[in-house]
Structures are given as C-alpha cells and as structure tokens.
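This is final02.json (JSON, C-alpha atoms).
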```json
[["chain", "number", "residue", "atom", "x", "y", "z"],
["A", 1, "MET", "CA", -4.76, 140.52, 111.81],
["A", 2, "ALA", "CA", -4.37, 137.96, 114.57],
["A", 3, "LYS", "CA", -2.41, 135.10, 115.93],
["A", 4, "ALA", "CA", -3.62, 131.83, 114.50],
["A", 5, "LYS", "CA", -5.19, 129.62, 117.14],
["A", 6, "LYS", "CA", -3.94, 126.10, 117.73],
["A", 7, "LYS", "CA", -6.25, 123.26, 116.87],
["A", 8, "ALA", "CA", -7.32, 121.18, 119.87],
["A", 9, "LYS", "CA", -4.73, 118.43, 120.11],
["A", 10, "ALA", "CA", -7.31, 116.02, 121.51],
["A", 11, "ASN", "CA", -8.87, 115.93, 118.01],
["A", 12, "ILE", "CA", -5.69, 114.64, 116.39],
["A", 13, "SER", "CA", -5.60, 110.89, 115.83],
["A", 14, "ALA", "CA", -2.65, 108.65, 116.54],
["A", 15, "GLU", "CA", -2.39, 107.95, 112.80],
["A", 16, "GLU", "CA", -2.09, 111.65, 112.00],
["A", 17, "LEU", "CA", 0.53, 112.21, 114.68],
["A", 18, "GLN", "CA", 2.59, 109.28, 113.42],
["A", 19, "LYS", "CA", 2.25, 110.54, 109.84],
["A", 20, "TYR", "CA", 3.56, 114.00, 110.76],
["A", 21, "TYR", "CA", 6.33, 112.44, 112.84],
["A", 22, "ARG", "CA", 7.44, 110.26, 109.91],
["A", 23, "GLU", "CA", 7.31, 113.12, 107.42],
["A", 24, "MET", "CA", 9.30, 115.51, 109.60],
["A", 25, "LEU", "CA", 11.81, 112.81, 110.50],
["A", 26, "LEU", "CA", 12.30, 111.94, 106.82],
["A", 27, "ILE", "CA", 13.12, 115.58, 106.08],
["A", 28, "ARG", "CA", 15.49, 115.79, 109.07],
["A", 29, "ARG", "CA", 17.39, 112.58, 108.21],
["A", 30, "PHE", "CA", 17.43, 113.40, 104.50],
["A", 31, "GLU", "CA", 18.90, 116.84, 105.12],
["A", 32, "GLU", "CA", 21.49, 115.41, 107.51],
["A", 33, "LYS", "CA", 22.55, 112.96, 104.79],
["A", 34, "ALA", "CA", 22.65, 115.77, 102.22],
["A", 35, "GLY", "CA", 24.98, 117.70, 104.51],
["A", 36, "GLN", "CA", 27.16, 114.63, 104.82],
["A", 37, "LEU", "CA", 27.30, 114.11, 101.04],
["A", 38, "TYR", "CA", 28.13, 117.79, 100.56],
["A", 39, "GLY", "CA", 31.09, 117.37, 102.89],
["A", 40, "MET", "CA", 32.21, 114.36, 100.84],
["A", 41, "GLY", "CA", 32.12, 116.38, 97.62],
["A", 42, "GLN", "CA", 29.16, 114.48, 96.16],
["A", 43, "ILE", "CA", 27.01, 117.65, 96.12],
["A", 44, "GLY", "CA", 28.45, 120.76, 94.52],
["A", 45, "GLY", "CA", 27.51, 124.41, 94.41],
["A", 46, "PHE", "CA", 25.15, 125.85, 97.02],
["A", 47, "CYS", "CA", 23.17, 123.70, 99.42],
["A", 48, "HIS", "CA", 20.65, 125.14, 101.89],
["A", 49, "LEU", "CA", 19.31, 122.75, 104.54],
["A", 50, "TYR", "CA", 15.86, 122.82, 106.17],
["A", 51, "ILE", "CA", 16.85, 121.29, 109.51],
["A", 52, "GLY", "CA", 14.71, 122.81, 112.29],
["A", 53, "GLN", "CA", 11.97, 124.08, 109.97],
["A", 54, "GLU", "CA", 10.31, 120.74, 109.23],
["A", 55, "ALA", "CA", 6.98, 121.57, 110.90],
["A", 56, "VAL", "CA", 6.33, 124.43, 108.47],
["A", 57, "VAL", "CA", 6.08, 122.52, 105.22],
["A", 58, "VAL", "CA", 4.61, 119.35, 106.79],
["A", 59, "GLY", "CA", 1.89, 121.37, 108.54],
["A", 60, "LEU", "CA", 0.98, 123.35, 105.45],
["A", 61, "GLU", "CA", 0.98, 120.32, 103.16],
["A", 62, "ALA", "CA", -1.53, 118.79, 105.61],
["A", 63, "ALA", "CA", -3.81, 121.76, 104.91],
["A", 64, "ALA", "CA", -3.42, 121.55, 101.12],
["A", 65, "LYS", "CA", -5.45, 119.47, 98.68],
["A", 66, "GLU", "CA", -4.84, 117.83, 95.32],
["A", 67, "GLY", "CA", -4.33, 120.48, 92.65],
["A", 68, "ASP", "CA", -2.91, 123.20, 94.90],
["A", 69, "SER", "CA", 0.37, 124.64, 93.67],
["A", 70, "ARG", "CA", 3.46, 125.47, 95.68],
["A", 71, "LEU", "CA", 6.82, 127.10, 95.12],
["A", 72, "THR", "CA", 9.63, 128.36, 97.29],
["A", 73, "SER", "CA", 13.15, 129.74, 97.23],
["A", 74, "TYR", "CA", 16.42, 127.78, 97.43],
["A", 75, "ARG", "CA", 15.67, 125.82, 100.65],
["A", 76, "ASP", "CA", 13.51, 123.45, 98.67],
["A", 77, "HIS", "CA", 14.47, 119.79, 99.28],
["A", 78, "ALA", "CA", 12.00, 119.51, 102.16],
["A", 79, "HIS", "CA", 9.17, 120.86, 100.03],
["A", 80, "MET", "CA", 9.79, 118.17, 97.42],
["A", 81, "LEU", "CA", 9.71, 115.44, 100.07],
["A", 82, "ALA", "CA", 6.64, 116.88, 101.84],
["A", 83, "CYS", "CA", 4.54, 116.87, 98.68],
["A", 84, "GLY", "CA", 5.27, 113.18, 98.20],
["A", 85, "LEU", "CA", 8.14, 113.01, 95.72],
["A", 86, "ASP", "CA", 10.57, 110.10, 95.75],
["A", 87, "PRO", "CA", 13.60, 110.77, 97.99],
["A", 88, "LYS", "CA", 15.77, 108.92, 95.44],
["A", 89, "GLY", "CA", 14.89, 111.46, 92.74],
["A", 90, "VAL", "CA", 15.46, 114.38, 95.12],
["A", 91, "MET", "CA", 18.90, 113.10, 96.22],
["A", 92, "ALA", "CA", 19.88, 112.30, 92.64],
["A", 93, "GLU", "CA", 19.03, 115.90, 91.74],
["A", 94, "LEU", "CA", 21.14, 117.20, 94.61],
["A", 95, "THR", "CA", 24.11, 115.21, 93.33],
["A", 96, "GLY", "CA", 23.55, 116.37, 89.74],
["A", 97, "ARG", "CA", 22.64, 112.96, 88.31],
["A", 98, "LYS", "CA", 20.55, 111.95, 85.30],
["A", 99, "ASP", "CA", 17.86, 110.35, 87.46],
["A", 100, "GLY", "CA", 17.28, 113.55, 89.42],
["A", 101, "LEU", "CA", 13.83, 115.12, 89.34],
["A", 102, "SER", "CA", 15.17, 117.95, 87.17],
["A", 103, "LYS", "CA", 17.46, 115.59, 85.22],
["A", 104, "GLY", "CA", 20.44, 116.62, 87.34],
["A", 105, "LYS", "CA", 20.53, 120.15, 85.93],
["A", 106, "GLY", "CA", 18.66, 121.99, 88.68],
["A", 107, "GLY", "CA", 20.72, 120.91, 91.65],
["A", 108, "SER", "CA", 19.91, 121.96, 95.20],
["A", 109, "MET", "CA", 18.25, 125.28, 94.39],
["A", 110, "HIS", "CA", 16.21, 124.63, 91.25],
["A", 111, "MET", "CA", 14.08, 121.54, 91.65],
["A", 112, "PHE", "CA", 10.74, 121.21, 89.88],
["A", 113, "SER", "CA", 7.83, 118.78, 89.56],
["A", 114, "LYS", "CA", 4.93, 119.45, 87.23],
["A", 115, "GLU", "CA", 3.32, 116.23, 88.50],
["A", 116, "LYS", "CA", 3.04, 117.56, 92.07],
["A", 117, "LYS", "CA", 2.52, 121.18, 90.97],
["A", 118, "PHE", "CA", 5.76, 122.14, 92.66],
["A", 119, "TYR", "CA", 6.96, 125.05, 90.57],
["A", 120, "GLY", "CA", 10.44, 125.28, 91.83],
["A", 121, "GLY", "CA", 13.07, 126.29, 94.09],
["A", 122, "HIS", "CA", 14.28, 129.73, 92.96],
["A", 123, "GLY", "CA", 17.79, 131.02, 93.53],
["A", 124, "ILE", "CA", 17.00, 134.72, 93.12],
["A", 125, "VAL", "CA", 15.70, 136.16, 96.39],
["A", 126, "ALA", "CA", 11.92, 136.79, 96.21],
["A", 127, "ALA", "CA", 11.76, 135.98, 92.47],
["A", 128, "GLN", "CA", 9.23, 133.24, 93.20],
["A", 129, "VAL", "CA", 6.70, 135.59, 94.83],
["A", 130, "PRO", "CA", 5.28, 137.17, 91.64],
["A", 131, "ILE", "CA", 5.33, 133.72, 90.03],
["A", 132, "GLY", "CA", 3.22, 132.42, 92.91],
["A", 133, "ALA", "CA", 0.72, 135.22, 92.37],
["A", 134, "GLY", "CA", 0.74, 134.37, 88.65],
["A", 135, "LEU", "CA", -0.07, 130.73, 89.41],
["A", 136, "ALA", "CA", -3.01, 131.91, 91.52],
["A", 137, "LEU", "CA", -4.16, 134.10, 88.62],
["A", 138, "ALA", "CA", -4.03, 131.07, 86.31],
["A", 139, "ASN", "CA", -5.98, 128.98, 88.81],
["A", 140, "LYS", "CA", -8.66, 131.65, 89.13],
["A", 141, "TYR", "CA", -8.84, 132.20, 85.36],
["A", 142, "ARG", "CA", -9.44, 128.47, 84.81],
["A", 143, "GLY", "CA", -12.12, 128.46, 87.50],
["A", 144, "GLU", "CA", -10.26, 125.96, 89.68],
["A", 145, "ASP", "CA", -10.85, 125.72, 93.42],
["A", 146, "THR", "CA", -7.12, 125.68, 94.10],
["A", 147, "VAL", "CA", -4.65, 127.74, 96.11],
["A", 148, "SER", "CA", -1.07, 128.82, 95.45],
["A", 149, "PHE", "CA", 1.25, 128.33, 98.45],
["A", 150, "THR", "CA", 4.03, 130.87, 97.86],
["A", 151, "TYR", "CA", 6.88, 130.51, 100.35],
["A", 152, "PHE", "CA", 9.59, 133.09, 101.03],
["A", 153, "GLY", "CA", 11.83, 134.06, 103.92],
["A", 154, "ASP", "CA", 12.12, 137.03, 106.25],
["A", 155, "GLY", "CA", 14.99, 138.37, 104.13],
["A", 156, "ALA", "CA", 12.95, 138.18, 100.92],
["A", 157, "ALA", "CA", 10.06, 139.92, 102.71],
["A", 158, "ASN", "CA", 11.90, 143.24, 102.31],
["A", 159, "GLN", "CA", 12.16, 142.97, 98.50],
["A", 160, "GLY", "CA", 10.08, 145.33, 96.38],
["A", 161, "GLN", "CA", 8.59, 142.69, 94.07],
["A", 162, "VAL", "CA", 6.86, 141.14, 97.10],
["A", 163, "TYR", "CA", 4.73, 144.28, 97.48],
["A", 164, "GLU", "CA", 4.04, 144.55, 93.77],
["A", 165, "SER", "CA", 2.70, 141.01, 94.06],
["A", 166, "PHE", "CA", 0.66, 141.92, 97.14],
["A", 167, "ASN", "CA", -0.93, 144.79, 95.22],
["A", 168, "MET", "CA", -1.95, 142.73, 92.20],
["A", 169, "ALA", "CA", -3.10, 139.78, 94.33],
["A", 170, "ALA", "CA", -5.31, 142.05, 96.42],
["A", 171, "LEU", "CA", -6.63, 143.95, 93.38],
["A", 172, "TRP", "CA", -7.66, 140.75, 91.62],
["A", 173, "LYS", "CA", -8.53, 138.77, 94.79],
["A", 174, "LEU", "CA", -6.14, 135.98, 93.87],
["A", 175, "PRO", "CA", -6.19, 132.71, 95.86],
["A", 176, "VAL", "CA", -2.58, 132.88, 97.02],
["A", 177, "ILE", "CA", -1.15, 132.26, 100.50],
["A", 178, "PHE", "CA", 2.03, 134.26, 100.98],
["A", 179, "VAL", "CA", 3.92, 132.12, 103.51],
["A", 180, "VAL", "CA", 6.70, 134.02, 105.28],
["A", 181, "GLU", "CA", 9.09, 131.45, 106.76],
["A", 182, "ASN", "CA", 10.56, 133.68, 109.45],
["A", 183, "ASN", "CA", 13.63, 131.81, 110.67],
["A", 184, "ARG", "CA", 15.03, 134.99, 112.28],
["A", 185, "TYR", "CA", 18.06, 135.41, 110.02],
["A", 186, "ALA", "CA", 18.33, 136.70, 106.45],
["A", 187, "MET", "CA", 21.57, 134.97, 105.48],
["A", 188, "GLY", "CA", 23.69, 136.28, 108.36],
["A", 189, "THR", "CA", 21.64, 139.33, 109.31],
["A", 190, "SER", "CA", 19.28, 139.12, 112.26],
["A", 191, "LEU", "CA", 15.67, 140.20, 111.93],
["A", 192, "GLN", "CA", 16.21, 143.06, 114.38],
["A", 193, "ARG", "CA", 18.86, 144.62, 112.12],
["A", 194, "ALA", "CA", 17.04, 144.17, 108.81],
["A", 195, "ALA", "CA", 13.32, 144.79, 109.34],
["A", 196, "SER", "CA", 11.78, 148.03, 110.59],
["A", 197, "THR", "CA", 8.45, 146.21, 111.08],
["A", 198, "PRO", "CA", 9.29, 142.68, 112.26],
["A", 199, "ASP", "CA", 5.66, 141.49, 112.32],
["A", 200, "PHE", "CA", 5.57, 140.21, 108.76],
["A", 201, "TYR", "CA", 1.95, 139.06, 108.94],
["A", 202, "THR", "CA", 0.94, 142.75, 109.07],
["A", 203, "ARG", "CA", 2.81, 143.60, 105.87],
["A", 204, "GLY", "CA", -0.31, 143.14, 103.75],
["A", 205, "GLU", "CA", -2.42, 145.64, 105.72],
["A", 206, "ALA", "CA", -1.78, 148.51, 103.30],
["A", 207, "PHE", "CA", -3.26, 146.38, 100.53],
["A", 208, "GLY", "CA", -6.21, 145.12, 102.56],
["A", 209, "ILE", "CA", -4.74, 141.62, 102.82],
["A", 210, "ALA", "CA", -5.63, 139.55, 105.90],
["A", 211, "GLY", "CA", -2.83, 137.90, 107.84],
["A", 212, "ALA", "CA", -1.91, 135.75, 110.82],
["A", 213, "VAL", "CA", 1.18, 134.57, 112.67],
["A", 214, "VAL", "CA", 1.77, 131.08, 114.02],
["A", 215, "ASP", "CA", 4.38, 129.08, 115.95],
["A", 216, "GLY", "CA", 6.23, 127.33, 113.16],
["A", 217, "MET", "CA", 7.82, 124.80, 115.52],
["A", 218, "ASP", "CA", 4.39, 123.26, 116.25],
["A", 219, "VAL", "CA", 3.18, 121.22, 113.26],
["A", 220, "LEU", "CA", -0.41, 121.08, 114.56],
["A", 221, "ALA", "CA", -0.56, 124.85, 115.00],
["A", 222, "VAL", "CA", 0.83, 125.30, 111.48],
["A", 223, "LYS", "CA", -1.78, 122.92, 110.06],
["A", 224, "ALA", "CA", -4.59, 124.83, 111.81],
["A", 225, "ALA", "CA", -3.26, 128.18, 110.58],
["A", 226, "GLY", "CA", -2.91, 126.72, 107.08],
["A", 227, "GLU", "CA", -6.54, 125.60, 107.14],
["A", 228, "LEU", "CA", -7.58, 129.12, 108.17],
["A", 229, "ALA", "CA", -5.62, 130.65, 105.29],
["A", 230, "VAL", "CA", -6.85, 128.05, 102.78],
["A", 231, "GLU", "CA", -10.50, 128.60, 103.74],
["A", 232, "HIS", "CA", -10.01, 132.36, 103.30],
["A", 233, "CYS", "CA", -8.58, 131.91, 99.80],
["A", 234, "ARG", "CA", -11.00, 129.23, 98.61],
["A", 235, "SER", "CA", -14.00, 131.31, 99.71],
["A", 236, "GLY", "CA", -13.04, 134.07, 97.27],
["A", 237, "LYS", "CA", -11.73, 136.59, 99.82],
["A", 238, "GLY", "CA", -8.40, 137.00, 98.05],
["A", 239, "PRO", "CA", -4.82, 136.55, 99.27],
["A", 240, "PHE", "CA", -3.58, 135.83, 102.79],
["A", 241, "VAL", "CA", -0.23, 136.52, 104.50],
["A", 242, "LEU", "CA", 0.80, 133.76, 106.89],
["A", 243, "GLU", "CA", 3.90, 134.38, 108.98],
["A", 244, "VAL", "CA", 5.37, 131.15, 110.34],
["A", 245, "LYS", "CA", 7.93, 131.71, 113.10],
["A", 246, "THR", "CA", 10.53, 128.99, 112.82],
["A", 247, "TYR", "CA", 14.29, 128.47, 113.22],
["A", 248, "ARG", "CA", 17.07, 126.90, 111.20],
["A", 249, "TYR", "CA", 19.69, 124.94, 113.12],
["A", 250, "ARG", "CA", 22.39, 125.11, 110.44],
["A", 251, "GLY", "CA", 23.91, 128.09, 108.69],
["A", 252, "HIS", "CA", 22.23, 129.86, 105.79],
["A", 253, "SER", "CA", 23.97, 127.43, 103.45],
["A", 254, "MET", "CA", 26.63, 124.73, 103.87],
["A", 255, "SER", "CA", 29.36, 127.35, 103.44],
["A", 256, "ASP", "CA", 28.04, 129.48, 106.33],
["A", 257, "PRO", "CA", 29.63, 128.85, 109.77],
["A", 258, "ALA", "CA", 26.82, 130.90, 111.40],
["A", 259, "ARG", "CA", 29.09, 132.89, 113.72],
["A", 260, "TYR", "CA", 26.49, 135.67, 113.92],
["A", 261, "ARG", "CA", 24.56, 133.78, 116.62],
["A", 262, "SER", "CA", 25.59, 132.02, 119.81],
["A", 263, "LYS", "CA", 25.77, 128.26, 120.36],
["A", 264, "GLU", "CA", 23.59, 128.82, 123.43],
["A", 265, "GLU", "CA", 20.81, 130.30, 121.30],
["A", 266, "VAL", "CA", 20.77, 127.31, 118.95],
["A", 267, "LYS", "CA", 20.96, 124.82, 121.83],
["A", 268, "ASN", "CA", 18.06, 126.51, 123.63],
["A", 269, "ILE", "CA", 15.81, 126.13, 120.57],
["A", 270, "LYS", "CA", 16.88, 122.52, 120.02],
["A", 271, "ASP", "CA", 16.31, 121.60, 123.67],
["A", 272, "ASN", "CA", 13.00, 123.38, 124.16],
["A", 273, "GLN", "CA", 11.25, 123.88, 120.84],
["A", 274, "ASP", "CA", 12.32, 121.11, 118.48],
["A", 275, "PRO", "CA", 9.31, 120.29, 116.24],
["A", 276, "ILE", "CA", 10.08, 116.57, 116.04],
["A", 277, "ASP", "CA", 10.62, 116.21, 119.78],
["A", 278, "MET", "CA", 7.25, 117.91, 120.33],
["A", 279, "ILE", "CA", 5.38, 115.26, 118.30],
["A", 280, "LYS", "CA", 7.47, 112.47, 119.81],
["A", 281, "GLU", "CA", 6.45, 113.60, 123.28],
["A", 282, "MET", "CA", 2.77, 113.69, 122.27],
["A", 283, "LEU", "CA", 2.98, 110.17, 120.87],
["A", 284, "ILE", "CA", 4.61, 108.80, 124.03],
["A", 285, "GLN", "CA", 2.46, 110.68, 126.55],
["A", 286, "GLY", "CA", -0.75, 109.88, 124.66],
["A", 287, "GLY", "CA", 0.07, 106.19, 124.62],
["A", 288, "HIS", "CA", 0.13, 106.22, 120.81],
["A", 289, "ALA", "CA", 3.66, 104.84, 120.50],
["A", 290, "THR", "CA", 6.46, 103.40, 122.61],
["A", 291, "GLN", "CA", 10.13, 104.32, 122.50],
["A", 292, "ASP", "CA", 10.72, 101.05, 120.62],
["A", 293, "ASP", "CA", 8.06, 102.04, 118.06],
["A", 294, "LEU", "CA", 9.78, 105.36, 117.46],
["A", 295, "LYS", "CA", 13.20, 103.71, 117.18],
["A", 296, "SER", "CA", 11.73, 101.37, 114.57],
["A", 297, "ILE", "CA", 10.34, 104.33, 112.60],
["A", 298, "ASP", "CA", 13.73, 106.06, 112.77],
["A", 299, "LYS", "CA", 15.41, 102.89, 111.52],
["A", 300, "ASP", "CA", 13.00, 102.69, 108.57],
["A", 301, "ILE", "CA", 13.57, 106.35, 107.71],
["A", 302, "LYS", "CA", 17.36, 105.99, 107.86],
["A", 303, "LYS", "CA", 17.10, 103.02, 105.49],
["A", 304, "ILE", "CA", 15.03, 105.07, 103.00],
["A", 305, "VAL", "CA", 17.54, 107.92, 103.18],
["A", 306, "GLN", "CA", 20.55, 105.63, 102.76],
["A", 307, "GLU", "CA", 18.91, 103.98, 99.78],
["A", 308, "SER", "CA", 18.32, 107.41, 98.24],
["A", 309, "ALA", "CA", 22.01, 108.27, 98.71],
["A", 310, "ASP", "CA", 23.15, 104.95, 97.21],
["A", 311, "PHE", "CA", 20.78, 105.43, 94.28],
["A", 312, "ALA", "CA", 22.03, 108.97, 93.67],
["A", 313, "ILE", "CA", 25.71, 108.03, 93.72],
["A", 314, "ALA", "CA", 25.08, 105.07, 91.38],
["A", 315, "SER", "CA", 23.11, 107.21, 88.92],
["A", 316, "PRO", "CA", 25.12, 108.47, 85.92],
["A", 317, "GLU", "CA", 25.74, 112.13, 85.24],
["A", 318, "PRO", "CA", 23.67, 113.72, 82.44],
["A", 319, "ASP", "CA", 24.96, 113.11, 78.93],
["A", 320, "ILE", "CA", 26.75, 116.04, 77.28],
["A", 321, "ASN", "CA", 23.93, 116.12, 74.69],
["A", 322, "GLU", "CA", 21.58, 117.25, 77.49],
["A", 323, "LEU", "CA", 23.47, 120.53, 77.83],
["A", 324, "TYR", "CA", 21.00, 122.52, 75.71],
["A", 325, "THR", "CA", 17.76, 120.61, 76.31],
["A", 326, "ASP", "CA", 14.96, 122.12, 78.41],
["A", 327, "ILE", "CA", 16.50, 125.56, 78.02],
["A", 328, "LEU", "CA", 14.37, 128.63, 77.27],
["A", 329, "VAL", "CA", 16.02, 130.43, 74.37]]
```
Can you give me the file's structure in the form of structure tokens?
Amino acid sequence: MAKAKKKAKANISAEELQKYYREMLLIRRFEEKAGQLYGMGQIGGFCHLYIGQEAVVVGLEAAAKEGDSRLTSYRDHAHMLACGLDPKGVMAELTGRKDGLSKGKGGSMHMFSKEKKFYGGHGIVAAQVPIGAGLALANKYRGEDTVSFTYFGDGAANQGQVYESFNMAALWKLPVIFVVENNRYAMGTSLQRAASTPDFYTRGEAFGIAGAVVDGMDVLAVKAAGELAVEHCRSGKGPFVLEVKTYRYRGHSMSDPARYRSKEEVKNIKDNQDPIDMIKEMLIQGGHATQDDLKSIDKDIKKIVQESADFAIASPEPDINELYTDILV
C-alpha cells in the first residue's frame, strides 16, 4: 500500500495538456449548464453534478484503452463525456428526450452506452460494485486483456456488498480497479463522522488486494496512478483499490444546499486546488498556450454545450409506446 507517485510533468506534451484541459473544461461547462437547466425545470428528478471532480475521470480515461469497461453511481454525466460520447445525447438524456443516450428513460442517474462499454450510472448506493467485478469476470473468462474501472464514492465504501466483491475479485484474481472517489462527504455526512478507517485504499488489505491513494485534483497524478493500477490488473495480479482524493463544489445533488460545510472550505479548495486552474497554469507557464488561446478554447466549449442544450430542448419526449420497451420482465 502506498501513495501513487506523480508522473514527471516534463514528459507531458503540450498536446496532452491541452487535451486534458479541453476535456475537463467540457465537463465543467456541461455540468454548469445542466444545473442551469435543472433550475429552469428542463431536468426533473435527481441531478448530481461532477463540478470539482473533473480530473478523476479524465485522468483515468487517459490510462484506459479500447475495450476496457467502466461503470459508476449516479454522478455519471462526466463519465459519459470523458469516454467520448456526444454531449447532445447526454444532455438529451438528462432532459428525458427521445434522442437521449438511454432514449430519455434513464435520466441523470441511469445512463448507458454499450458502444463505449459504459455500463451505467446506478442509483442504488454501491450496487454497481459487484456488477463491476462481474464485468471483470466476463473479461477474464473471454480471455480479453481488458480492465473494469468500477467507480464508487466514500459513502458507498462502507456498504457490505463492496467487501463481498473484494473477496470474489481477490479469490479469482479479477482485472478490476475499484476506484474510490473520495470527495469527503457521503451525501451530507463528513468522512470523519462516517468512516472508522478513512484511508480507503487500505480497505482491500484483508483480502490481499493492493492499493494506492492519489491527489484527485491533479489530472497528471491521477493518470499516473491509473497506469499503475492498470498495469497491475493487466499483468494478472488481480484487483486494485485506487483511492482518489477529490472534492465536489456543489451539494450532493441539486436539492442539497450543502449547509454541512463552510463557504470558506469550498472557497479554499477552489482557490488553491482547482484541477482546471492547475492545467491552465501549466499551459501558460510552459509557454504552451496564451490567455487568448485559452479564452478561445473556452468559447468553443461553451458553444458545444449550448448546442447540446438547444438540441436537447428541441428533441421530442419519448412516445407513450416506449413505456414498456427495454424493460426486464
């Protein structure tokens, strides 16, 4: 068990930095627009935003390869965008429209893409963890050199089915990376009040599962840690627990005013640890981009996001005949 080392930043090209900057900015602007549409009544039900956590999924997708599977809980819009799905289809799904990636019937929490091997957002806390282990079992059974990225939060980390999954994954040496997105708060309960052992990367020790912890606000550190975990799994050593320490700027969901933490705490993270600002600073200081270049990128991203919102609102709602299609009976 150890802290994952950061990859030497000198080895990162300007193109890579700009790619990560664009991907994280797309998630940030998309989620901001989703919050806006929720306030306008265009998105119903629950809506959990990923703002602040962008470096986690962008960094880990950079360590993945074609054929790897991924699944997460209800904070899933960013995962869809990071694995390359069309923002228009994601936003249409959020607004419950026919052109959504789950035909408008999954909404914010239950998106899915067989094409990208994204096996869902899951609304039941920790329900996705045994499914992630099952995907790894399928991959191993078929003899594929692929890994299952199974994301869950610090709150879900205390659920019993997580440890049942750990046991089976260790027993069968399944190629699954259990990614604990530790954003410090399980709904409204702080980590200190909910976890007797707050170092989640050590939770696999009883099962002989290796683990590491990484700064989830640093996309390059996350990528390096992801590569370490992926190499472990692909080499046949079994599962890996990767704790990614991150932070969400908004409440647990759109209905959460987040009064359980101070404004000063949130401001301190935004001012000193923002994942997008970190890459922006590297681009400027390294001479890889000017302020005008970054403004131009932001303008392009905002246009993409606005087009996705316009597309979603113009898309029709599913026909009543779709009510019973794609339902497991």
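Every protein, DNA or RNA residue with an atom at most 10 Å from His79 of chain A, where all atoms listed in the file count and chain neighbours fewer than 2 positions away do not, is listed here: Ile27, Tyr50, Glu54, Val56, Val57, Val58, Glu61, Arg70, Leu71, Thr72, Arg75, Asp76, His77, Leu81, Ala82, Cys83, Gly84, Leu85, Met111, Phe118, Gly120, Gly121 and Tyr151 of chain A.
The shortest atom-to-atom distance to Met24 of chain A, with all atoms listed in the file taken into account, belongs to A:Pro275 out of A:Gly160, A:Gly67, A:Pro318, A:Pro275.
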Legend entry - Distance of atom CA of Arg184 of chain A from atom CA of Leu17 of chain A, expressed in Å to one decimal place: 27.1 Å
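Comparing the minimum interatomic distances between Leu26 of chain A and each of A:Ile209, A:Asp326, A:Asn167, A:Met80, counting all atoms listed in the file, we find that A:Met80 sits nearest.
The list of residues with at least one atom within 8 Å of Leu283 of chain A, based on only C-alpha atoms and without residues fewer than 4 positions apart in the same chain, reads Ala14, Leu17, Gln18, Ile279, Gly287, His288, Ala289 and Thr290 of chain A.
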Inset, instruction - Give me the residues within 10 Å of Gly155 of chain A as a ChimeraX atom specification, counting all atoms listed in the file and dropping any in the same chain fewer than 5 places off. - result: /A:125-126,180-191,194-195
Legend entry - Gap from atom CA of Val129 of chain A to atom CA of Gly107 of chain A - Å, one decimal: 20.5 Å
Inset, instruction - Would you kindly return, as a list in words, each protein, DNA or RNA residue with an atom no farther than 8 Å from any atom of Thr95 of chain A, considering all atoms listed in the file and excluding same-chain residues fewer than 6 positions away? - result: Gln42, Ile43, Gly44, Gly104, Gly107, Ala312 and Ile313 of chain A
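Coordinates place atom CA of Ile301 of chain A at a distance of 13.6 Å from atom CA of Ile276 of chain A.
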Legend entry - Residue contacts of Asp199 of chain A (9 Å, all atoms listed in the file) excluding same-chain residues fewer than 3 positions away, as an NGL selection string: :A and (195 or 202-203 or 213 or 243)
Inset, instruction - Could you pull out every residue with an atom within 10 Å of (-4.7, 131.9, 94.1), file coordinates, counting all atoms listed in the file, and send them as a PyMOL selection string? - result: chain A and resi 68-69+132-141+144-150+169+172-178+230+233-234+236+238-240
Legend entry - Which of A:Glu317, A:Ile51, A:Gly153, A:Gln159 sits closest to Met217 of chain A [using all atoms listed in the file]: A:Ile51
Legend entry - Nearest to Phe152 of chain A by atom-to-atom distance, counting only C-alpha atoms, from A:Cys47, A:Leu294, A:Gly211, A:Ser73: A:Ser73
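Among the candidates A:Gly45, A:Pro87, A:Gly59, A:Gly39, the residue lying nearest to Ala225 of chain A is A:Gly59 (atoms considered: all atoms listed in the file).
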